[in-house]
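> I am attaching a structure below and will ask some questions about it afterwards.
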Amino acid sequence: MNDCIFCKIIAGEIPSKKAYEDDTVLAFYDLSPQAPVHILVIPKAHITSAADITGDNSAVVAHIFEVIASLTKQLGLNDGFRVVTNIGDSAGQSVKHLHYHLLGGRDFTWPPG
Ligand code: 5GP
Ligand code: ZN
């Protein structure tokens, strides 16, 4: 039914280097890092993108941000970091399972490209 690659990573069918895992959230290192620290934080439930967050599934999003705050402390990203979520094709979302890019370890420009 589901050929989503992030669902396959959650199921262990595709290997990943995990940074954090619990019952509802998984964090794993991006295969193609864009910064010295580049972790993807995802809900275990399949949500297509942030455009599909509703009152029924939003609790996991709060939990994702708790995980991000904890991970960044653990990783020593005390000078700052960036969290990005791409939504849809024009934003460059290549995997249609909600994910937050956690990027750190370098400076970032604003506005993004
Ligand atoms: P998007 O472009 O959708 O915002 O981000 C998808 C991210 O998933 C990309 O940064 C890409 O490098 C990463 N990615 C795609 N496939 C895999 C995979 O199989 N394993 C891991 N660890 N990262 C992946
Ligand atoms: Zn999925």
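To be explicit about the labels: the chains of the structure tokens are called A, B, and onward in the order shown, and within each one the residues are counted from 1, while ligands get numbers from 1 in the order they are shown.
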Within 12 Å of ligand 1, counting only C-alpha atoms and all ligand atoms, which protein or nucleic acid residues do you find, written as JSON, numbers by chain?
{"A": [4, 5, 6, 7, 8, 9, 10, 12, 13, 14, 15, 16, 17, 18, 19, 26, 27, 28, 29, 30, 31, 32, 33, 34, 35, 37, 38, 39, 40, 41, 42, 48, 49, 50, 83, 84, 85, 86, 87, 88, 89, 90, 91, 92, 93, 94, 95, 96, 97, 98, 99, 100, 101, 102, 103]}
> Okay, now the selection with C-alpha atoms, as a CSV table (one decimal), in the first residue's frame?

chain,number,residue,atom,x,y,z
A,4,CYS,CA,6.9,6.1,1.0
A,5,ILE,CA,10.6,5.9,1.7
A,6,PHE,CA,10.4,7.5,5.1
A,7,CYS,CA,7.7,5.0,6.1
A,8,LYS,CA,10.2,2.3,5.0
A,9,ILE,CA,12.9,3.9,7.2
A,10,ILE,CA,10.5,3.9,10.1
A,12,GLY,CA,13.4,-0.6,9.3
A,13,GLU,CA,13.1,-1.7,5.7
A,14,ILE,CA,15.6,1.0,4.7
A,15,PRO,CA,18.6,1.5,7.0
A,16,SER,CA,19.2,4.9,8.6
A,17,LYS,CA,21.6,6.4,11.2
A,18,LYS,CA,19.2,7.2,14.0
A,19,ALA,CA,19.7,10.3,16.3
A,26,LEU,CA,12.1,9.3,14.6
A,27,ALA,CA,15.1,11.5,14.0
A,28,PHE,CA,17.8,10.3,11.6
A,29,TYR,CA,20.8,11.8,9.7
A,30,ASP,CA,20.1,13.0,6.2
A,31,LEU,CA,21.8,11.0,3.4
A,32,SER,CA,22.9,14.1,1.7
A,33,PRO,CA,23.9,16.6,4.5
A,34,GLN,CA,23.7,20.3,3.7
A,35,ALA,CA,25.4,21.3,7.0
A,37,VAL,CA,24.7,18.6,11.4
A,38,HIS,CA,21.7,17.6,9.2
A,39,ILE,CA,19.0,15.5,10.8
A,40,LEU,CA,15.5,14.8,9.6
A,41,VAL,CA,12.8,14.7,12.3
A,42,ILE,CA,9.6,12.9,11.3
A,48,THR,CA,2.1,14.1,3.6
A,49,SER,CA,3.4,17.6,4.6
A,50,ALA,CA,2.8,20.5,7.0
A,83,VAL,CA,14.6,24.1,11.1
A,84,VAL,CA,13.1,23.9,7.7
A,85,THR,CA,10.1,22.1,6.3
A,86,ASN,CA,9.5,22.1,2.5
A,87,ILE,CA,5.9,21.8,1.4
A,88,GLY,CA,5.0,20.8,-2.1
A,89,ASP,CA,6.9,20.8,-5.4
A,90,SER,CA,7.6,24.6,-5.6
A,91,ALA,CA,9.3,24.4,-2.3
A,92,GLY,CA,11.4,21.4,-3.3
A,93,GLN,CA,9.7,18.8,-1.2
A,94,SER,CA,11.1,15.6,-2.7
A,95,VAL,CA,9.8,13.1,0.0
A,96,LYS,CA,6.1,13.4,0.6
A,97,HIS,CA,6.2,12.5,4.3
A,98,LEU,CA,6.3,15.4,6.7
A,99,HIS,CA,9.8,16.1,7.8
A,100,TYR,CA,11.7,18.9,9.6
A,101,HIS,CA,15.3,19.4,8.5
A,102,LEU,CA,17.4,20.3,11.5
A,103,LEU,CA,20.5,22.0,10.2
> With only C-alpha atoms as the counted atoms, please give the residues lying no more than 12 Å from Ala59 (chain A), apart from itself and same-chain residues fewer than 5 positions off, as a list in words.
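Near Ala59 (chain A), the qualifying residues are Thr24, Val25, Pro43, Ala45, Ile53, Thr54, Ile64, Phe65 and Glu66 of chain A.
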> Which of region 39-72 of chain A end up as helix (DSSP H, G or I) when DSSP is run on this backbone - answer as a count of residues only?
17
> Mind listing the strand (DSSP E) residues of chain A, per DSSP on the backbone, as a VMD selection string?
chain A and resid 18 to 21 25 to 29 37 to 43 81 to 84 100 to 104
> So what do you get for CA of Asp3 (chain A) versus CA of Ala51 (chain A), distance-wise?
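Taking CA of Asp3 (chain A) and CA of Ala51 (chain A), their separation equals 20.2 Å.
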> From the set A:Asp23, A:His46, A:Val60, A:Gly76, which residue has the shortest atom-to-atom contact distance to Asn2 (chain A), counting only C-alpha atoms?
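Checking each candidate against Asn2 (chain A), we get A:His46 as the closest.
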> Taking 3 positions as the minimum chain separation for residues in the same chain, which residues sit within 7 Å of Pro36 (chain A) when counting only C-alpha atoms? Answer as a PyMOL selection string.
chain A and resi 104-106
